[in-house]
Every structure is written in C-alpha cells, then in structure tokens.
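> So I've got this file, final24.cif, and it contains mmCIF, C-alpha atoms and all ligand atoms:
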data_upload
loop_
_atom_site.label_atom_id
_atom_site.label_comp_id
_atom_site.auth_asym_id
_atom_site.auth_seq_id
_atom_site.Cartn_x
_atom_site.Cartn_y
_atom_site.Cartn_z
CA MET A 1 98.23 141.05 128.32
CA ALA A 2 98.93 137.53 129.60
CA VAL A 3 102.31 136.97 131.23
CA VAL A 4 104.85 134.89 129.34
CA LYS A 5 105.70 131.55 130.93
CA ILE A 6 109.21 130.14 130.70
CA LEU A 7 110.17 126.51 131.38
CA VAL A 8 113.74 125.56 132.35
CA ILE A 9 114.80 121.96 131.63
CA PRO A 10 118.16 120.68 132.91
CA GLY A 11 119.70 117.90 130.84
CA SER A 12 121.29 116.11 133.80
CA LEU A 13 119.83 114.14 136.70
CA ARG A 14 123.15 113.77 138.50
CA THR A 15 123.42 114.68 142.17
CA GLY A 16 125.52 117.83 142.28
CA SER A 17 124.98 118.47 138.56
CA LEU A 18 126.67 121.61 137.26
CA ASN A 19 123.83 122.02 134.81
CA ALA A 20 121.12 121.67 137.43
CA ARG A 21 122.95 124.40 139.34
CA LEU A 22 123.13 126.61 136.27
CA ALA A 23 119.43 125.89 135.59
CA ALA A 24 118.61 127.30 139.04
CA VAL A 25 120.63 130.44 138.28
CA VAL A 26 118.93 130.77 134.88
CA ALA A 27 115.49 130.39 136.47
CA HIS A 28 116.40 133.07 139.01
CA GLU A 29 117.38 135.44 136.18
CA VAL A 30 114.06 134.79 134.44
CA ALA A 31 112.17 135.50 137.67
CA LEU A 32 114.12 138.77 138.06
CA ALA A 33 112.81 139.76 134.62
CA GLY A 34 109.29 139.58 136.07
CA VAL A 35 108.19 136.52 134.12
CA ASP A 36 106.59 133.25 135.30
CA VAL A 37 109.22 130.52 135.47
CA THR A 38 109.07 126.79 136.16
CA ARG A 39 112.03 124.45 136.49
CA LEU A 40 111.41 120.76 136.02
CA SER A 41 113.53 117.65 136.44
CA LEU A 42 113.50 114.94 133.81
CA THR A 43 113.57 112.55 136.82
CA ASP A 44 109.83 113.14 136.88
CA TYR A 45 109.50 112.02 133.25
CA PRO A 46 111.33 108.68 133.05
CA LEU A 47 111.25 107.28 129.52
CA PRO A 48 112.65 104.13 127.91
CA ILE A 49 115.20 104.56 125.14
CA TYR A 50 113.16 105.18 122.02
CA ASP A 51 112.40 101.98 120.12
CA GLY A 52 109.90 101.88 117.27
CA ASP A 53 108.72 98.43 118.34
CA LEU A 54 107.89 99.77 121.81
CA GLU A 55 105.89 102.56 120.22
CA THR A 56 104.09 100.16 117.87
CA ARG A 57 103.20 97.85 120.73
CA GLY A 58 102.30 100.36 123.44
CA GLY A 59 102.09 103.77 121.81
CA VAL A 60 103.88 106.83 123.14
CA PRO A 61 104.54 106.58 126.92
CA ARG A 62 102.41 108.70 129.23
CA ASN A 63 105.51 110.58 130.42
CA ALA A 64 106.24 111.75 126.87
CA LEU A 65 102.69 113.06 126.63
CA ASN A 66 103.03 114.75 130.03
CA LEU A 67 106.35 116.33 129.04
CA LYS A 68 104.91 117.51 125.72
CA ARG A 69 101.98 119.12 127.59
CA MET A 70 104.36 120.74 130.06
CA ILE A 71 106.36 122.22 127.18
CA GLY A 72 103.10 123.19 125.49
CA SER A 73 101.92 125.18 128.49
CA HIS A 74 104.94 127.52 128.22
CA GLN A 75 105.89 129.99 125.49
CA GLY A 76 109.65 129.84 126.09
CA ILE A 77 111.82 126.83 126.92
CA ILE A 78 115.44 126.90 128.14
CA PHE A 79 117.48 123.71 127.95
CA VAL A 80 120.51 123.69 130.26
CA THR A 81 122.57 120.71 129.30
CA PRO A 82 125.88 118.91 129.74
CA GLU A 83 128.05 118.10 126.74
CA TYR A 84 128.75 114.41 126.22
CA ASN A 85 131.41 113.62 123.65
CA SER A 86 130.84 116.89 121.81
CA SER A 87 127.09 116.40 121.63
CA LEU A 88 123.96 116.36 123.76
CA PRO A 89 123.39 113.66 126.40
CA PRO A 90 121.10 110.72 125.60
CA LEU A 91 118.73 111.75 128.42
CA LEU A 92 117.84 114.96 126.59
CA LYS A 93 117.94 113.60 123.05
CA ASN A 94 115.70 110.70 124.05
CA ALA A 95 113.19 113.01 125.75
CA ILE A 96 113.08 115.22 122.64
CA ASP A 97 112.71 112.18 120.37
CA TRP A 98 109.76 110.85 122.36
CA VAL A 99 108.07 114.26 122.52
CA THR A 100 108.29 114.53 118.72
CA ARG A 101 106.28 111.28 118.54
CA VAL A 102 103.32 112.68 120.50
CA GLU A 103 100.29 113.41 118.35
CA GLU A 104 97.33 114.83 120.22
CA ARG A 105 93.93 115.45 118.72
CA GLY A 106 93.97 118.41 116.35
CA GLU A 107 97.78 118.61 116.30
CA THR A 108 100.49 117.15 114.14
CA LYS A 109 103.60 115.37 115.44
CA GLY A 110 106.21 117.81 116.73
CA GLN A 111 103.88 120.80 116.58
CA VAL A 112 104.81 121.71 120.14
CA PHE A 113 108.35 122.50 118.97
CA ARG A 114 107.18 124.76 116.17
CA GLU A 115 105.02 127.12 118.20
CA ARG A 116 107.33 128.40 120.90
CA ALA A 117 110.80 129.84 121.41
CA PHE A 118 113.82 127.90 122.71
CA ALA A 119 117.06 129.01 124.34
CA LEU A 120 120.15 126.91 125.01
CA ALA A 121 122.69 126.91 127.83
CA ALA A 122 125.42 124.49 128.84
CA ALA A 123 127.84 124.14 131.73
CA SER A 124 131.11 122.25 131.67
CA GLU A 125 134.26 122.09 133.74
CA GLY A 126 136.13 122.52 130.46
CA ARG A 127 137.23 125.61 128.60
CA LEU A 128 134.63 125.35 125.81
CA GLY A 129 131.73 125.35 128.26
CA GLY A 130 129.76 122.76 126.30
CA SER A 131 129.56 124.94 123.20
CA ARG A 132 129.75 121.94 120.84
CA CYS A 133 126.75 120.46 122.58
CA LEU A 134 124.87 123.72 122.02
CA ALA A 135 125.61 123.49 118.28
CA ALA A 136 124.38 119.88 118.22
CA LEU A 137 121.23 120.69 120.18
CA ARG A 138 120.54 123.70 117.95
CA LEU A 139 120.73 121.38 114.93
CA VAL A 140 118.29 118.92 116.51
CA LEU A 141 115.77 121.62 117.41
CA THR A 142 115.96 123.47 114.12
CA GLY A 143 115.41 120.08 112.49
CA CYS A 144 112.16 120.04 114.49
CA ARG A 145 111.53 123.51 112.98
CA ALA A 146 111.76 125.12 116.40
CA THR A 147 112.67 128.78 116.80
CA VAL A 148 116.00 128.73 118.65
CA ILE A 149 117.12 132.20 119.68
CA PRO A 150 120.63 133.35 118.67
CA ASN A 151 121.79 134.25 122.19
CA GLN A 152 123.05 131.36 124.29
CA LEU A 153 125.28 130.64 127.26
CA ALA A 154 128.24 128.23 127.31
CA LEU A 155 129.58 128.33 130.87
CA SER A 156 133.27 127.34 130.97
CA PHE A 157 134.99 126.16 134.15
CA ALA A 158 131.52 125.81 135.63
CA ASP A 159 132.79 124.18 138.83
CA ARG A 160 134.33 127.52 139.85
CA ALA A 161 132.03 129.97 138.09
CA TYR A 162 130.04 131.21 141.11
CA ASP A 163 130.59 133.54 144.02
CA ASP A 164 129.38 132.79 147.55
CA ASN A 165 125.89 134.07 146.65
CA ASP A 166 125.58 131.70 143.68
CA ARG A 167 126.01 134.55 141.21
CA LEU A 168 128.18 134.17 138.12
CA LYS A 169 131.61 135.65 138.88
CA ASN A 170 132.57 136.43 135.30
CA ALA A 171 130.91 139.59 133.96
CA GLY A 172 130.84 138.19 130.41
CA ASP A 173 128.94 135.10 131.59
CA ALA A 174 126.47 137.21 133.58
CA GLU A 175 125.88 139.43 130.54
CA ALA A 176 125.41 136.43 128.25
CA LEU A 177 122.86 134.99 130.66
CA LYS A 178 120.91 138.23 130.87
CA ALA A 179 121.00 138.76 127.09
CA MET A 180 119.73 135.22 126.53
CA VAL A 181 116.85 135.65 128.97
CA VAL A 182 115.84 139.06 127.59
CA GLN A 183 115.88 137.77 124.01
CA LEU A 184 113.94 134.61 124.89
CA ILE A 185 111.21 136.61 126.64
CA ASP A 186 110.98 138.87 123.59
CA PHE A 187 110.66 135.94 121.17
CA ALA A 188 108.24 134.11 123.51
CA GLN A 189 105.99 137.16 123.71
CA HIS A 190 105.65 137.07 119.93
CA THR A 191 104.29 133.50 120.09
CA MET A 192 101.34 134.58 122.27
C1 LIG A 201 130.10 110.34 128.72
C2 LIG A 201 130.64 111.71 129.03
C3 LIG A 201 131.16 112.45 127.99
C4 LIG A 201 131.62 113.75 128.26
N1 LIG A 201 132.05 114.53 127.22
C5 LIG A 201 132.34 115.83 127.42
C6 LIG A 201 132.61 116.71 126.34
O1 LIG A 201 132.60 116.34 125.19
N2 LIG A 201 132.86 118.01 126.63
C7 LIG A 201 132.85 118.50 127.92
O2 LIG A 201 133.07 119.70 128.12
N3 LIG A 201 132.62 117.70 128.96
C8 LIG A 201 132.35 116.38 128.75
N4 LIG A 201 132.06 115.54 129.80
C9 LIG A 201 132.17 116.08 131.17
C10 LIG A 201 130.87 116.72 131.58
O3 LIG A 201 130.78 118.02 131.05
C11 LIG A 201 130.84 116.79 133.11
O4 LIG A 201 130.81 115.48 133.61
C12 LIG A 201 129.67 117.58 133.61
O5 LIG A 201 129.84 117.81 134.99
C13 LIG A 201 128.36 116.83 133.37
O6 LIG A 201 127.27 117.69 133.62
P1 LIG A 201 126.47 117.66 135.01
O7 LIG A 201 127.45 118.10 136.09
O8 LIG A 201 125.38 118.67 134.80
O9 LIG A 201 125.96 116.27 135.25
C14 LIG A 201 131.61 114.26 129.57
C15 LIG A 201 131.10 113.47 130.61
C16 LIG A 201 130.63 112.21 130.34
C17 LIG A 201 130.04 111.39 131.47
#
Kindly transcribe the structure held in the file into structure tokens.

Amino acid sequence: MAVVKILVIPGSLRTGSLNARLAAVVAHEVALAGVDVTRLSLTDYPLPIYDGDLETRGGVPRNALNLKRMIGSHQGIIFVTPEYNSSLPPLLKNAIDWVTRVEERGETKGQVFRERAFALAAASEGRLGGSRCLAALRLVLTGCRATVIPNQLALSFADRAYDDNDRLKNAGDAEALKAMVVQLIDFAQHTM
C-alpha cells in the first residue's frame, strides 16, 4: 500500500515565527508516525491580494497553480497558523482564495480541497492559543467542502511552550498534537 503523504503549511513568514516553530514540531511528530512529510513556506508562493480584475486580465497566478499542485500531491494537509484579530491571517486566507480559483483540465474549481483531509493548529503567546482562528479557518475550509478532522491543537503561551530539546513541555499539548497527527493520518489513508 502506498505511503500517505502529509504537507505542513505555516501561516506566517515572520522571522522567529511561533507558528513556523510549531510547524517544525508538528512535522517531526508526523515523521515519527512513519509517514512522508513535507513542510513548505508560503514565501515560495508569493501571491498578490486576490482581485477579480487581476484574474480576468491575467488568469490565476502560476504560484497559485503550483501551490494547488503541491496540496494535490499530498493526502493530508496541516495548517499551522497565527491568529490575527480573532481570525486567520490574510497571508493564509489569500493563498486559500487563490487556490480555490485554480481550474485544471478535468477538475472543477476547489476540487483539491474536497479530496483530502485537513488538520488545524495554531500558536499564540496568549491564553487561548489561537483557538478563535482555528474556528474561523475551519469555517473557511468546510465552506470549501474540505474534510477537516475534529482533533486540533491550539498552543497557548507558545513563546514558553518548549523544553531545551524543542519538545512541548505541557503533557496536554503533546497529547493533543499526537492525537491530531494520528487522526489526520487515519483520515488521509481513507482518501487513497
Ligand atoms: C494584526 C495582528 C493581530 C493579532 N491578533 C491576535 C489575536 O486575535 N489573538 C492572538 O492570540 N494573538 C494575536 N496577535 C498576536 C500573534 O498571535 C503573535 O504576533 C504571533 O506571534 C504571530 O504568529 P507568528 O509568531 O507565527 O508570526 C495578533 C498579531 C497581529 C500582528
């Protein structure tokens, strides 16, 4: 049986990003589960803010097509994202918006979201750990008719969440991470 492939996408480009750090820890947990894992940076997929006139004039940008294909070559996707004003950051929303506009031969718009499993994680210095962002992102993805697994990780006080070996100090956080990864792999296997 083919091995499931998981893609981890951080929702921040910031140097020293708490979410990029958590994305690395998430990817490590996926690798420990014996599954293929890739972590990308949206730095490699720069996109203009979505504008229908831009799309009418020039079509969907190449980077949106490339990102859609990258997502399409994995069965499970994990977004690891900051919370901005109780919602998801424009970087991530814009990337999702553009990807929903891609229409490749033999596919309908947004099909890539409907045929794989998604998991959500957030890191914040605050007490809520970005949980409102997770609710907002879940709404966006279910609106795309994506399968978003129930288990998720909202990492509170993320600036002091790790030990010296970059492992999550809090047992509840570590368990939530593991449960999310196990459930995503299970759902992703069913898409193969
Ligand atoms: C515009 C903006 C809005 C923010 N809103 C929230 C928020 O609603 N909830 C929260 O927990 N943190 C909020 N923050 C703080 C971010 O969680 C914090 O900056 C975090 O480190 C950003 O993620 P990163 O380190 O991965 O870049 C906000 C930050 C910015 C820049």
> Could you please extract the residues within 9 Å of ligand LIG 201 (chain A), counting all atoms listed in the file, and hand them back as a PDB file with C-alpha atoms, keeping the file's coordinate frame?

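The resulting file, result.pdb, is shown below:
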ATOM      1  CA  PRO A  10     118.160 120.680 132.910  1.00  0.00           C
ATOM      2  CA  GLY A  11     119.700 117.900 130.840  1.00  0.00           C
ATOM      3  CA  SER A  12     121.290 116.110 133.800  1.00  0.00           C
ATOM      4  CA  LEU A  13     119.830 114.140 136.700  1.00  0.00           C
ATOM      5  CA  ARG A  14     123.150 113.770 138.500  1.00  0.00           C
ATOM      6  CA  THR A  15     123.420 114.680 142.170  1.00  0.00           C
ATOM      7  CA  GLY A  16     125.520 117.830 142.280  1.00  0.00           C
ATOM      8  CA  SER A  17     124.980 118.470 138.560  1.00  0.00           C
ATOM      9  CA  LEU A  18     126.670 121.610 137.260  1.00  0.00           C
ATOM     10  CA  ASN A  19     123.830 122.020 134.810  1.00  0.00           C
ATOM     11  CA  ALA A  20     121.120 121.670 137.430  1.00  0.00           C
ATOM     12  CA  ARG A  21     122.950 124.400 139.340  1.00  0.00           C
ATOM     13  CA  LEU A  22     123.130 126.610 136.270  1.00  0.00           C
ATOM     14  CA  VAL A  80     120.510 123.690 130.260  1.00  0.00           C
ATOM     15  CA  THR A  81     122.570 120.710 129.300  1.00  0.00           C
ATOM     16  CA  PRO A  82     125.880 118.910 129.740  1.00  0.00           C
ATOM     17  CA  GLU A  83     128.050 118.100 126.740  1.00  0.00           C
ATOM     18  CA  TYR A  84     128.750 114.410 126.220  1.00  0.00           C
ATOM     19  CA  ASN A  85     131.410 113.620 123.650  1.00  0.00           C
ATOM     20  CA  SER A  86     130.840 116.890 121.810  1.00  0.00           C
ATOM     21  CA  SER A  87     127.090 116.400 121.630  1.00  0.00           C
ATOM     22  CA  LEU A  88     123.960 116.360 123.760  1.00  0.00           C
ATOM     23  CA  PRO A  89     123.390 113.660 126.400  1.00  0.00           C
ATOM     24  CA  ALA A 122     125.420 124.490 128.840  1.00  0.00           C
ATOM     25  CA  ALA A 123     127.840 124.140 131.730  1.00  0.00           C
ATOM     26  CA  SER A 124     131.110 122.250 131.670  1.00  0.00           C
ATOM     27  CA  GLU A 125     134.260 122.090 133.740  1.00  0.00           C
ATOM     28  CA  GLY A 126     136.130 122.520 130.460  1.00  0.00           C
ATOM     29  CA  ARG A 127     137.230 125.610 128.600  1.00  0.00           C
ATOM     30  CA  LEU A 128     134.630 125.350 125.810  1.00  0.00           C
ATOM     31  CA  GLY A 129     131.730 125.350 128.260  1.00  0.00           C
ATOM     32  CA  GLY A 130     129.760 122.760 126.300  1.00  0.00           C
ATOM     33  CA  SER A 131     129.560 124.940 123.200  1.00  0.00           C
ATOM     34  CA  ARG A 132     129.750 121.940 120.840  1.00  0.00           C
ATOM     35  CA  CYS A 133     126.750 120.460 122.580  1.00  0.00           C
ATOM     36  CA  SER A 156     133.270 127.340 130.970  1.00  0.00           C
ATOM     37  CA  ALA A 158     131.520 125.810 135.630  1.00  0.00           C
ATOM     38  CA  ASP A 159     132.790 124.180 138.830  1.00  0.00           C
TER      39      ASP A 159
END
> Hey, what's within 12 Å of Ile78 in chain A if we count all atoms listed in the file and toss same-chain stuff fewer than 5 positions away? As a PyMOL selection string, please?
chain A and resi 5-11+19+22-27+29-30+37-40+71+116-122+134+137-138+141+147-149+151-153+177+180-181+183-185+188
> Excluding Lys169 in chain A and any residue of its chain fewer than 2 positions from it, enumerate the residues within 12 Å of it, using all atoms listed in the file, and give them as a ChimeraX atom specification.
/A:155-167,171-175
> One number please: CA of Glu103 in chain A to CA of Val3 in chain A, in Å, one decimal.
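Separating CA of Glu103 in chain A from CA of Val3 in chain A is a distance of 26.9 Å.
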> Out of A:Ala176, A:Leu32, A:Leu42, A:Leu67, which residue has the shortest atom-to-atom distance to Leu91 in chain A when counting all atoms listed in the file?
A:Leu42
